[in-house]
Amino acid sequence: MASSSSSTLSTPSLFLQHQSKPSTSSHRSSTFLPPIRSSISEKPPSLSVTPPQPPTKLPIRKIPGDYGIPFITPYKDRLDYFYNQGRDEYFKSRIQKYNSTIFRTNVPPGPLIAQNPNVVVLLDAKSFPILFDASKIDKTDVFTGTYTPSTELTGGYRVLSYLDPSEPKHTKLKQLMFFLLKSRSRHVIPEFRSCYKELFTSLENELAKTGKASFADANDQAAFNFLARSLYGSNPVDSELGLDGPKMVQKWVLFQLGPVLKLGLPKLLEDSIIHNFRLPSRLVKKDYQRLYDFFYSSSGFALDEAERLGVSRDEACHNLLFATCFNSFGGIKLFFPNVMKWIGRSGVSLHMKLAKEIREAVRSAGGEITMAAIDNMPLMKSVVYEAFRIDPPVPLQFGRAKRDMVIENHENGFLVKKGELLLGYQPFATKDRKIFDRAEEFVADRFVGDGEKLLKHVVWSNGPETESPSLGNKQCAGKDFVTLVSRLLVVEIFLRYDSFEIQVGNSALGSSITVTSLKRASF
């Protein structure tokens with residue numbers, strides 16, 4: 001459930017509110033666990049008393065930059081961010097201008113959607129981790145940054161991603177996510193293999209017909225089917241949803257993230273409408289209702305647990321839907337093409353090394369893909385970690401300072417005032433040259449052997465890779481689930497193929513992959 005975490009507007013809404021429904025028959029399964037680690041018994045930290053921050057030994061510098069003229073400067077900055085410069089250049093040019101990886105600026109959407117577009121930006125590996133400190137950072141309603149989508153898009157509830165760990169409901173809902181992952185863990189590997197076998201078969205058929213095959217559509221369908229089958233024991237293809245699930249999810253996500261995305265529409269249309277006005281939630285009401293009905297009928301065992309935890313079945317279902325469709329499906333949709341991109345670009349030499357390592361490990365495990373077999377694939381694991389480092393699926397992290405504090409980069413300390421919104425842009429933090437050699441390059445074996453010491457700087461999950469999600473932090477509840485399925489993708493590829501070739505393009509959400517060659521396994 002790939003996600004950073006925070007909260008949504010608590011405006012009451014009748015949109016998609018359900019009366020209590022009879023639960024479906026239980027789908028409880030035996031609990032064989034891959035190592036999906038979590039600290040379920042941990043209580044949220046007490047935030048009423050915070051120990052004083054030790055004084056910095058670095059020189060204190062005033063945070064450079066300013067927010068300019070209200071309305072006018074945020075609008076100009078938005079045009080630079082999306083069109084004139086692009087996101088990376090927008091941040092890079094300001095690092096150069098201010099000679100600092102910490103500065104003040106504005107970020108989209110700005111007026112007319114977000115009343116306050118002002119942020120303090122953190123763009124290095126030393127300052128970025130402050131965003132994970134629940135004693136110093138408030139995550140309330142900052143999941144999507146300077147604006148929060150209407151709760152009408154989530155059944156009238158502030159779902160888990162928008163809650164701060166200090167909120168009692170955060171504990172109950174994160175416990176529910178841990179329960180779901182644990183109770184269905186034995187289904188993850190077999191259902192992934194089944195669903196992605198269908199994906200590769202469809203790619204092969206399309207290649208045979210046209211000489212190329214789009215990865216995106218096949219991956220979307222495989223991912224949605226896999227999540228429903230592995231986590232809920234239901235096949236959407238056999239339900240009223242049919243094959244419609246992925247497209248309905250994408251439209252629903254667009255209504256939440258449209259103001260902070262560049263969609264590729266004509267500039268005037270996109271910026272004047274999508275970035276200035278919230279799309280009316282009623283336009284996705286029917287689609288969302290169909291998704292809700294599917295998850296409600298499929299998740300009886302999880303809804304029973306939610307009631308035991310003190311969460312209504314209706315609120316639990318909206319949270320399960322969000323975690324599965326927005327966090328998990330969205331994460332796979334974004335990250336799997338990135339994995340394909342970086343491995344594909346690395347060429348045949350890496351492909352053959354991966355194929356050899358993966359096949360030998362699987363043979364040693366009696367021909368089965370097991371957790372033990374995966375643990376014996378150090379290069380494969382490093383490749384996945386490196387993809388997380390260089391192209392994280394959730395690039396932006398936000399948090400609000402709970403008190404006055406000093407935040408350090410490598411050169412200076414900077415005084416941040418209580419209430420200021422901090423923004424960390426992860427692709428810069430995880431390409432910090434003071435931490436990583438050849439930081440801009442994809443180095444497949446970076447995390448092999450002694451390289452594992454660098455894993456604390458891999459933070460795609462809203463926390464270090466060396467730490468685990470708990471009830472008291474905002475680290476992604478499905479951190480180990482997402483890592484496992486990303487590894488399974490690489491394993492499946494190189495059990496089937498010696499090598500593959502791709503063309504890489506751009507899409508609104510990241511990389512667009514077209515497969516042009518699949519060379520069948522020869523050994």
# chains A, B, ... in the order shown; residues from 1 in each chain; ligands from 1
$ closest_atom_pairs --of "region 212-241 of chain A" --to "region 310-326 of chain A" --cutoff "10 Å" --atoms "only C-alpha atoms" --output "JSON lines"
{"residue": "A:Ala223", "atom": "CA", "partner": "A:Cys325", "partner_atom": "CA", "distance": 9.8}
{"residue": "A:Phe224", "atom": "CA", "partner": "A:Cys325", "partner_atom": "CA", "distance": 7.9}
{"residue": "A:Leu227", "atom": "CA", "partner": "A:Thr324", "partner_atom": "CA", "distance": 7.1}
{"residue": "A:Ala228", "atom": "CA", "partner": "A:Thr324", "partner_atom": "CA", "distance": 8.3}
{"residue": "A:Leu231", "atom": "CA", "partner": "A:Thr324", "partner_atom": "CA", "distance": 8.8}
$ residues_around --residues "Ile369 (chain A)" --least-positions-apart "5" --cutoff "12 Å" --atoms "only C-alpha atoms" --output "ChimeraX atom specification"
/A:34,188-190,192-193,358-364,374-377,484,487-492,495
$ residues_around --residues "Phe388 (chain A)" --least-positions-apart "5" --cutoff "9 Å" --atoms "only C-alpha atoms" --output "compact mmCIF listing (two decimals) with N, CA, C and O atoms, in the first residue's frame"
# COMPACT_ATOMS: atom_id res chain seq x y z
N PHE A 335 4.98 2.20 -10.06
CA PHE A 335 6.33 1.66 -9.82
C PHE A 335 6.73 0.54 -10.78
O PHE A 335 7.90 0.46 -11.17
N ASN A 338 8.48 1.73 -13.74
CA ASN A 338 9.82 2.21 -13.40
C ASN A 338 10.81 1.06 -13.31
O ASN A 338 11.95 1.17 -13.77
N VAL A 339 10.38 -0.05 -12.71
CA VAL A 339 11.25 -1.23 -12.63
C VAL A 339 11.59 -1.72 -14.03
O VAL A 339 12.76 -2.01 -14.35
N VAL A 383 18.41 -4.59 -7.09
CA VAL A 383 17.80 -3.93 -8.26
C VAL A 383 16.49 -3.26 -7.88
O VAL A 383 16.21 -2.12 -8.27
N PRO A 393 7.94 5.81 -6.02
CA PRO A 393 6.56 5.93 -6.51
C PRO A 393 5.80 7.10 -5.91
O PRO A 393 4.82 7.56 -6.49
N VAL A 458 17.04 4.82 1.77
CA VAL A 458 15.95 4.50 0.83
C VAL A 458 14.64 4.69 1.59
O VAL A 458 14.35 3.96 2.54
N VAL A 459 13.87 5.69 1.21
CA VAL A 459 12.77 6.14 2.07
C VAL A 459 11.44 6.25 1.31
O VAL A 459 10.56 7.03 1.68
N TRP A 460 11.26 5.45 0.27
CA TRP A 460 10.05 5.54 -0.56
C TRP A 460 8.77 5.33 0.24
O TRP A 460 7.70 5.82 -0.13
$ residues_around --residues "region 278-284 of chain A" --least-positions-apart "4" --cutoff "10 Å" --atoms "only C-alpha atoms" --output "ChimeraX atom specification"
/A:15,112-113,149-154,248-249,251-259,273-274,288-289
$ write_last_selection --atoms "C-alpha atoms" --output "PDB file, in the first residue's frame"
ATOM      1  CA  PHE A  15     -22.144  10.924  -0.792  1.00  0.00           C
ATOM      2  CA  LEU A 112      -7.929  29.144  -6.588  1.00  0.00           C
ATOM      3  CA  ILE A 113      -7.926  25.711  -4.938  1.00  0.00           C
ATOM      4  CA  PRO A 149      -9.585  16.606  -1.844  1.00  0.00           C
ATOM      5  CA  SER A 150     -13.201  16.603  -0.740  1.00  0.00           C
ATOM      6  CA  THR A 151     -14.250  13.792   1.563  1.00  0.00           C
ATOM      7  CA  GLU A 152     -17.184  13.322  -0.803  1.00  0.00           C
ATOM      8  CA  LEU A 153     -14.699  11.232  -2.792  1.00  0.00           C
ATOM      9  CA  THR A 154     -14.158   8.883   0.166  1.00  0.00           C
ATOM     10  CA  MET A 248     -12.921   3.462 -12.696  1.00  0.00           C
ATOM     11  CA  VAL A 249     -10.100   3.690 -10.168  1.00  0.00           C
ATOM     12  CA  LYS A 251     -10.922   8.309 -13.006  1.00  0.00           C
ATOM     13  CA  TRP A 252     -11.593   8.476  -9.260  1.00  0.00           C
ATOM     14  CA  VAL A 253      -7.892   9.137  -8.528  1.00  0.00           C
ATOM     15  CA  LEU A 254      -7.855  11.878 -11.195  1.00  0.00           C
ATOM     16  CA  PHE A 255     -10.591  13.723  -9.320  1.00  0.00           C
ATOM     17  CA  GLN A 256      -8.333  13.726  -6.262  1.00  0.00           C
ATOM     18  CA  LEU A 257      -4.932  14.437  -7.805  1.00  0.00           C
ATOM     19  CA  GLY A 258      -5.825  16.416 -10.935  1.00  0.00           C
ATOM     20  CA  PRO A 259      -4.891  19.778  -9.371  1.00  0.00           C
ATOM     21  CA  ILE A 273      -9.786  24.336 -15.335  1.00  0.00           C
ATOM     22  CA  ILE A 274      -8.012  21.309 -13.780  1.00  0.00           C
ATOM     23  CA  TYR A 288     -17.216   4.799  -6.953  1.00  0.00           C
ATOM     24  CA  GLN A 289     -20.448   3.161  -5.844  1.00  0.00           C
TER      25      GLN A 289
END
$ residues_around --residues "region 403-418 of chain A" --least-positions-apart "2" --cutoff "12 Å" --atoms "only C-alpha atoms" --output "PyMOL selection string"
chain A and resi 47-64+99-104+119-131+133-138+399-401+420-422+429+432-435
$ residues_around --residues "Ser511 (chain A)" --least-positions-apart "4" --cutoff "8 Å" --atoms "only C-alpha atoms" --output "mmCIF file with N, CA, C and O atoms, in the first residue's frame"
data_model
loop_
_atom_site.group_PDB
_atom_site.id
_atom_site.type_symbol
_atom_site.label_atom_id
_atom_site.label_comp_id
_atom_site.auth_asym_id
_atom_site.auth_seq_id
_atom_site.Cartn_x
_atom_site.Cartn_y
_atom_site.Cartn_z
ATOM 1 N N LEU A 334 2.350 2.979 -10.810
ATOM 2 C CA LEU A 334 3.481 3.891 -10.948
ATOM 3 C C LEU A 334 4.818 3.170 -10.965
ATOM 4 O O LEU A 334 5.697 3.489 -11.779
ATOM 5 N N PRO A 337 6.210 0.080 -14.002
ATOM 6 C CA PRO A 337 6.868 0.606 -15.209
ATOM 7 C C PRO A 337 8.269 1.161 -14.928
ATOM 8 O O PRO A 337 9.154 1.052 -15.783
ATOM 9 N N ASN A 338 8.476 1.734 -13.741
ATOM 10 C CA ASN A 338 9.816 2.211 -13.396
ATOM 11 C C ASN A 338 10.811 1.062 -13.307
ATOM 12 O O ASN A 338 11.955 1.165 -13.769
ATOM 13 N N LYS A 341 11.573 -0.011 -16.756
ATOM 14 C CA LYS A 341 12.413 1.003 -17.425
ATOM 15 C C LYS A 341 13.879 0.832 -17.066
ATOM 16 O O LYS A 341 14.748 0.761 -17.954
ATOM 17 N N VAL A 504 10.675 3.633 -23.965
ATOM 18 C CA VAL A 504 10.208 4.371 -22.795
ATOM 19 C C VAL A 504 9.667 5.729 -23.219
ATOM 20 O O VAL A 504 10.331 6.474 -23.937
ATOM 21 N N GLY A 505 8.459 6.021 -22.780
ATOM 22 C CA GLY A 505 7.856 7.332 -23.005
ATOM 23 C C GLY A 505 7.422 7.926 -21.679
ATOM 24 O O GLY A 505 7.762 7.422 -20.606
ATOM 25 N N ASN A 506 6.671 9.011 -21.756
ATOM 26 C CA ASN A 506 6.185 9.675 -20.551
ATOM 27 C C ASN A 506 4.669 9.625 -20.486
ATOM 28 O O ASN A 506 3.988 9.614 -21.513
ATOM 29 N N SER A 507 4.158 9.586 -19.264
ATOM 30 C CA SER A 507 2.719 9.669 -19.042
ATOM 31 C C SER A 507 2.477 10.631 -17.891
ATOM 32 O O SER A 507 3.426 11.089 -17.244
#
$ closest_atom_pairs --of "region 261-343 of chain A" --to "region 200-220 of chain A" --cutoff "9 Å" --atoms "only C-alpha atoms" --output "JSON lines"
{"residue": "A:Phe329", "atom": "CA", "partner": "A:Asp220", "partner_atom": "CA", "distance": 7.9}
{"residue": "A:Ile332", "atom": "CA", "partner": "A:Asp220", "partner_atom": "CA", "distance": 8.2}
{"residue": "A:Lys333", "atom": "CA", "partner": "A:Asp220", "partner_atom": "CA", "distance": 6.3}
{"residue": "A:Phe336", "atom": "CA", "partner": "A:Asn219", "partner_atom": "CA", "distance": 8.1}
{"residue": "A:Pro337", "atom": "CA", "partner": "A:Phe215", "partner_atom": "CA", "distance": 7.6}
$ atom_distance --atom1 "CA of Leu163 (chain A)" --atom2 "CA of Asp88 (chain A)"
28.6 Å
$ closest_residue --among "A:Ser161, A:Asp80, A:Ser461, A:Asp271" --to "Ser93 (chain A)" --atoms "only C-alpha atoms"
A:Asp80
$ closest_residue --among "A:Asn276, A:Thr148, A:Thr514, A:Asn235" --to "Pro109 (chain A)" --atoms "only C-alpha atoms"
A:Asn276
$ closest_residue --among "A:Leu303, A:Val107, A:Leu350, A:Leu79" --to "Leu180 (chain A)" --atoms "only C-alpha atoms"
A:Leu303
$ atom_distance --atom1 "CA of Lys267 (chain A)" --atom2 "CA of Asn84 (chain A)"
10.8 Å
$ select_by_dssp --residues "region 114-307 of chain A" --states "alpha helix (DSSP H)" --output "VMD selection string"
chain A and resid 168 to 183 188 to 210 215 to 232 245 to 257 267 to 269 285 to 298 300 to 307
$ closest_residue --among "A:Tyr385, A:Phe494, A:Phe91, A:Phe277" --to "Asn106 (chain A)" --atoms "only C-alpha atoms"
A:Phe91
$ select_by_dssp --residues "region 216-429 of chain A" --states "strand (DSSP E)" --output "PyMOL selection string"
chain A and resi 396-401+405-408+413-416+421-425
$ write_last_selection --atoms "N, CA and C atoms" --output "compact mmCIF listing (two decimals), in the first residue's frame"
# COMPACT_ATOMS: atom_id res chain seq x y z
N LEU A 396 6.63 13.17 -3.50
CA LEU A 396 6.44 14.32 -2.62
C LEU A 396 5.93 13.89 -1.25
N GLN A 397 6.55 14.40 -0.21
CA GLN A 397 6.12 14.16 1.17
C GLN A 397 5.91 15.51 1.85
N PHE A 398 4.82 15.61 2.61
CA PHE A 398 4.50 16.85 3.29
C PHE A 398 4.33 16.62 4.79
N GLY A 399 4.56 17.67 5.56
CA GLY A 399 4.31 17.63 7.00
C GLY A 399 4.37 19.04 7.56
N ARG A 400 3.64 19.27 8.64
CA ARG A 400 3.58 20.61 9.24
C ARG A 400 4.33 20.60 10.57
N ALA A 401 5.16 21.61 10.77
CA ALA A 401 5.97 21.69 11.99
C ALA A 401 5.06 21.84 13.21
N MET A 405 11.62 24.75 15.42
CA MET A 405 12.72 23.78 15.43
C MET A 405 13.79 24.20 14.45
N VAL A 406 14.97 23.63 14.60
CA VAL A 406 16.06 23.82 13.66
C VAL A 406 16.18 22.57 12.80
N ILE A 407 16.13 22.75 11.48
CA ILE A 407 16.32 21.64 10.54
C ILE A 407 17.65 21.84 9.85
N GLU A 408 18.44 20.78 9.78
CA GLU A 408 19.79 20.86 9.21
C GLU A 408 19.87 20.20 7.85
N GLY A 413 22.09 25.08 9.66
CA GLY A 413 20.84 24.86 10.37
C GLY A 413 19.87 25.97 9.99
N PHE A 414 18.58 25.66 9.93
CA PHE A 414 17.56 26.63 9.52
C PHE A 414 16.42 26.59 10.53
N LEU A 415 16.01 27.75 11.01
CA LEU A 415 14.92 27.83 11.96
C LEU A 415 13.59 27.80 11.24
N VAL A 416 12.79 26.79 11.58
CA VAL A 416 11.43 26.65 11.03
C VAL A 416 10.44 26.94 12.15
N LEU A 421 4.50 24.62 6.67
CA LEU A 421 4.37 23.37 5.91
C LEU A 421 5.69 23.03 5.24
N LEU A 422 6.17 21.83 5.49
CA LEU A 422 7.41 21.35 4.90
C LEU A 422 7.10 20.42 3.74
N LEU A 423 7.89 20.53 2.69
CA LEU A 423 7.76 19.66 1.52
C LEU A 423 9.10 19.03 1.22
N GLY A 424 9.14 17.71 1.20
CA GLY A 424 10.34 16.99 0.78
C GLY A 424 10.13 16.39 -0.59
N TYR A 425 11.06 16.66 -1.50
CA TYR A 425 11.00 16.06 -2.84
C TYR A 425 11.99 14.90 -2.87
$ residues_around --residues "Tyr147 (chain A)" --least-positions-apart "2" --cutoff "9 Å" --atoms "only C-alpha atoms" --output "VMD selection string"
chain A and resid 108 to 110 113 to 117 141 to 145 149 259
